[in-house]
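Peer 1: One structure, as structure tokens, below. Some questions next.
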Amino acid sequence: MTADTLPDAAADWAAHQGIPLVRTLAGAMLALDAQTGLDAFTLPYPPEAQRALDRTVLACLLREATPPASLTELVSWCKDVPLTDWPVDLPADAIGPEDRLLDPDSGRPTELCHEWAERTRDSALAFRDREIIHTALRLCRAFGEEEAYTAFRGLLVNRPVLTAPESFEVLNDLVLEPVHELIRRIYLPVSDSYRYDGEYVCCARCLTLLTPVHDGEWWCERDRCRRQGPAPLGRRLRPEEMGEVHQVERPVRQFVTGPGRAEAALEQELSALGLAVRMWPGYDAYDLLVTFPDGHRWAIDVKDWANPLFLGRSARLVPQEPPYDEAFWIVPHHRVAARRDYVSVYERNRPSQARDLPLLSDTDLIGRARARVRKQKGDTRA
Ligand SMILES: [Zn+2]
């Protein structure tokens with residue numbers, strides 16, 4: 001594709017030098033967090049971190065701003081300075097007013113940081129979570145086991161953390177046999193930074209591990225959860241009693257487990273309205289297939305992304321099979337509440353092939369489903 005055949009949004013995108021810089025910064029923060037923890041890094045720095053520092057210094061000098069003097073200072077910028085106040089050139093829709101790469105309380109990478117690192121790659125196939133899901137699909141199809149695939153998705157959503165006996169049980173579960181090796185590769189031993197007073201604690205809402213912060217308090221990595229208040233403490237795991245604890249890797253938690261919790265909540269609410277709901281039908285063609293009593297069908301994909309621009313850019317039509325009458329992309333209500341222009345930024349940035357794909361919040365979708373059920377009942381009575 002030549003430059004003049006690029007859609008406007010893509011052309012604008014390439015023109016902003018700030019995009020690769022923020023992506024580099026996000027990658028650097030993730031690398032530092034993975035290597036030593038963001039408060040305890042030592043020389044030599046990981047190459048991503050050095051690159052991020054060099055590029056930021058250059059960007060500052062070009063804008064005649066004072067650059068960060070050290071990597072420590074760069075890390076504090078990521079934590080304390082919202083991206084809108086950085087001396088970098090970014091397209092208007094790319095950031096919200098409070099967007100930061102590191103959480104100001106816990107100092108851990110934010111969900112936005114993970115999206116910047118993962119979702120700004122050129123090819124969707126390079127996304128780590130999609131690579132894993134595609135591998136699982138391939139393996140399950142080869143075995144002809146749709147049930148294995150559904151069980152695998154269920155595992156990622158409902159059991160992101162496994163103790164040693166649980167790992168043993170999962171790896172001996174015959175339904176999951178096609179993906180045993182994959183499970184072994186994506187459930188990783190948990191680092192000590194998650195441990196406080198000898199134990200790990202899971203969030204009762206999100207089921208993933210909490211991070212200990214100051215004074216015995218715990219921090220949940222999900223934006224959605226923190227907006228609902230302090231994390232409710234769930235399972236407590238002591239490695240002395242339960243052996244080594246494993247957690248599914250971060251890109252999977254970010255892009256599969258998190259939205260999966262929202263999908264599961266939606267499934268419950270739609271079923272409660274008396275509708276038939278199938279999860280991940282047709283080897284995961286989309287997330288939910290909802291059938292109304294009159295046979296009308298909705299195809300739904302749930303997208304729990306912090307950044308509406310990335311979401312708009314990745315919009316694509318919902319696959320035709322299994323067949324349906326209407327299709328929607330759904331975003332949890334809290335995303336729309338946190339950024340008022342969320343839906344309009346999505347709409348402005350979606351590619352032309354996906355122009356007709358509507359984005360609704362989950363509460364709007366439930367409202368629409370309820371109205372449709374009510375109208376249908378009225379029609380039957382009349
Ligand atoms: Zn949580």
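Every chain in the structure tokens takes a letter, A first, then B, and so on in the order presented; its residues are numbered from 1, and the ligands are numbered from 1 following the presented order.
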Set the distance at 12 Å and use only C-alpha atoms: which residues neighbour Leu270 in chain A once local chain neighbours fewer than 2 positions away are removed? I'd like the list as a ChimeraX atom specification.
Peer 2: /A:263-268,272-279,288-292,298,300,362-363,365-370,372-373
Peer 1: Please extract the residues of range 71-320 of chain A with a backbone DSSP assignment of helix (DSSP H, G or I) and present them as a PyMOL selection string.
Peer 2: chain A and resi 71-80+83-85+92-94+111-119+124-126+128-143+146-158+164-170+174-186+192-194+214-216+223-227+239-242+250-272+281-284+308-313
Peer 1: Calculated over only C-alpha atoms and all ligand atoms, which of the candidates A:Gln320, A:Gln353, A:Gln228, A:Ser271 has the smallest distance to ligand 1?
Peer 2: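 Checking each candidate against ligand 1, we get A:Gln228 as the closest.
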Peer 1: Against range 90-111 of chain A, which residues of range 219-323 of chain A fall within 7 Å? For each one I want the closest pair of atoms and the distance in Å (one decimal), counting only C-alpha atoms, rows by chain and increasing residue number, as CSV.
Peer 2:
```
residue,atom,partner,partner_atom,distance
A:Trp219,CA,A:Ser106,CA,6.8
A:Ala306,CA,A:Glu111,CA,6.9
A:Leu309,CA,A:Ala94,CA,5.8
```
Peer 1: Would you output that residue set with N, CA and C atoms, as a PDB file, in the first residue's frame?
Peer 2:
```
ATOM      1  N   TRP A 219      -2.803  -4.161  46.038  1.00  0.00           N
ATOM      2  CA  TRP A 219      -3.175  -3.411  44.829  1.00  0.00           C
ATOM      3  C   TRP A 219      -3.530  -4.381  43.715  1.00  0.00           C
ATOM      4  N   ALA A 306      -8.269  -0.005  27.660  1.00  0.00           N
ATOM      5  CA  ALA A 306      -8.230   1.330  28.256  1.00  0.00           C
ATOM      6  C   ALA A 306      -8.177   2.407  27.173  1.00  0.00           C
ATOM      7  N   LEU A 309      -8.430   4.590  21.078  1.00  0.00           N
ATOM      8  CA  LEU A 309      -7.810   4.739  19.766  1.00  0.00           C
ATOM      9  C   LEU A 309      -7.277   3.393  19.277  1.00  0.00           C
TER      10      LEU A 309
END
```
Peer 1: Using only C-alpha atoms and all ligand atoms, determine which residues fall within 6 Å of ligand 1, then list them as a CSV table (one decimal) with N, CA and C atoms, in the first residue's frame.
Peer 2:
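Result file follows (part_32.csv):
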```csv
chain,number,residue,atom,x,y,z
A,203,CYS,N,-7.1,-11.6,44.2
A,203,CYS,CA,-8.2,-10.6,44.2
A,203,CYS,C,-9.5,-11.5,44.1
A,205,ARG,N,-12.3,-10.5,43.2
A,205,ARG,CA,-13.1,-10.1,42.0
A,205,ARG,C,-12.4,-10.6,40.7
A,206,CYS,N,-11.1,-10.4,40.6
A,206,CYS,CA,-10.4,-10.7,39.3
A,206,CYS,C,-9.7,-12.0,39.3
A,220,CYS,N,-4.7,-4.1,43.1
A,220,CYS,CA,-5.1,-5.0,42.0
A,220,CYS,C,-4.7,-4.4,40.6
A,222,ARG,N,-6.1,-4.6,37.8
A,222,ARG,CA,-7.2,-4.2,36.8
A,222,ARG,C,-7.8,-2.9,37.2
A,225,CYS,N,-11.4,-3.1,38.5
A,225,CYS,CA,-11.5,-3.5,39.9
A,225,CYS,C,-11.2,-2.3,40.8
A,231,ALA,N,-9.4,-3.8,46.7
A,231,ALA,CA,-9.5,-5.1,46.3
A,231,ALA,C,-10.0,-6.0,47.4
```
Peer 1: Which residue is closest to Gly312 in chain A? Choose from A:Arg227, A:Lys79, A:Arg119, A:Arg374 and count only C-alpha atoms.
Peer 2: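 Between A:Arg227, A:Lys79, A:Arg119, A:Arg374, the residue approaching Gly312 in chain A most closely is A:Arg119.
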Peer 1: Need to verify the contact set: Val161 in chain A, 12 Å, only C-alpha atoms, exclusion of same-chain residues closer than 4 positions in sequence. Can you return it as a PyMOL selection string?
Peer 2: chain A and resi 155-157+165-167+170+183+186-190+200-204+206-210+234-237+244-250+252-253+257
Peer 1: Within 6 Å of range 20-35 of chain A, which residues of range 46-82 of chain A show up? Give each one with its shortest atom-to-atom distance in Å (one decimal) and the two atoms involved, counting only C-alpha atoms, rows by chain then rising residue number, as a Markdown table.
Peer 2:
```
| residue | atom | partner | partner_atom | distance |
| --- | --- | --- | --- | --- |
| A:Glu48 | CA | A:Ala28 | CA | 4.9 |
| A:Ala49 | CA | A:Ala28 | CA | 4.5 |
| A:Ala52 | CA | A:Leu25 | CA | 5.2 |
```
Peer 1: Residues as selected, C-alpha atoms, written as an mmCIF file, in the first residue's frame, can you do that?
Peer 2:
```cif
data_model
loop_
_atom_site.group_PDB
_atom_site.id
_atom_site.type_symbol
_atom_site.label_atom_id
_atom_site.label_comp_id
_atom_site.auth_asym_id
_atom_site.auth_seq_id
_atom_site.Cartn_x
_atom_site.Cartn_y
_atom_site.Cartn_z
ATOM 1 C CA GLU A 48 15.046 -1.450 26.065
ATOM 2 C CA ALA A 49 15.464 0.821 29.091
ATOM 3 C CA ALA A 52 13.895 4.554 26.053
#
```
Peer 1: Could you state the separation of CA of Glu240 in chain A and CA of Ser191 in chain A in Å, given to one decimal place?
Peer 2: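 Result for CA of Glu240 in chain A versus CA of Ser191 in chain A: 14.9 Å, one decimal.
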Peer 1: Can you tell me how far CA of Glu321 in chain A sits from CA of Pro281 in chain A, in Å to one decimal?
Peer 2: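 Between CA of Glu321 in chain A and CA of Pro281 in chain A the gap is 8.8 Å.
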Peer 1: Take CA of Gly18 in chain A and CA of Val345 in chain A and report the distance between them in Å, one decimal.
Peer 2: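 One can read the CA of Gly18 in chain A to CA of Val345 in chain A distance as 18.3 Å.
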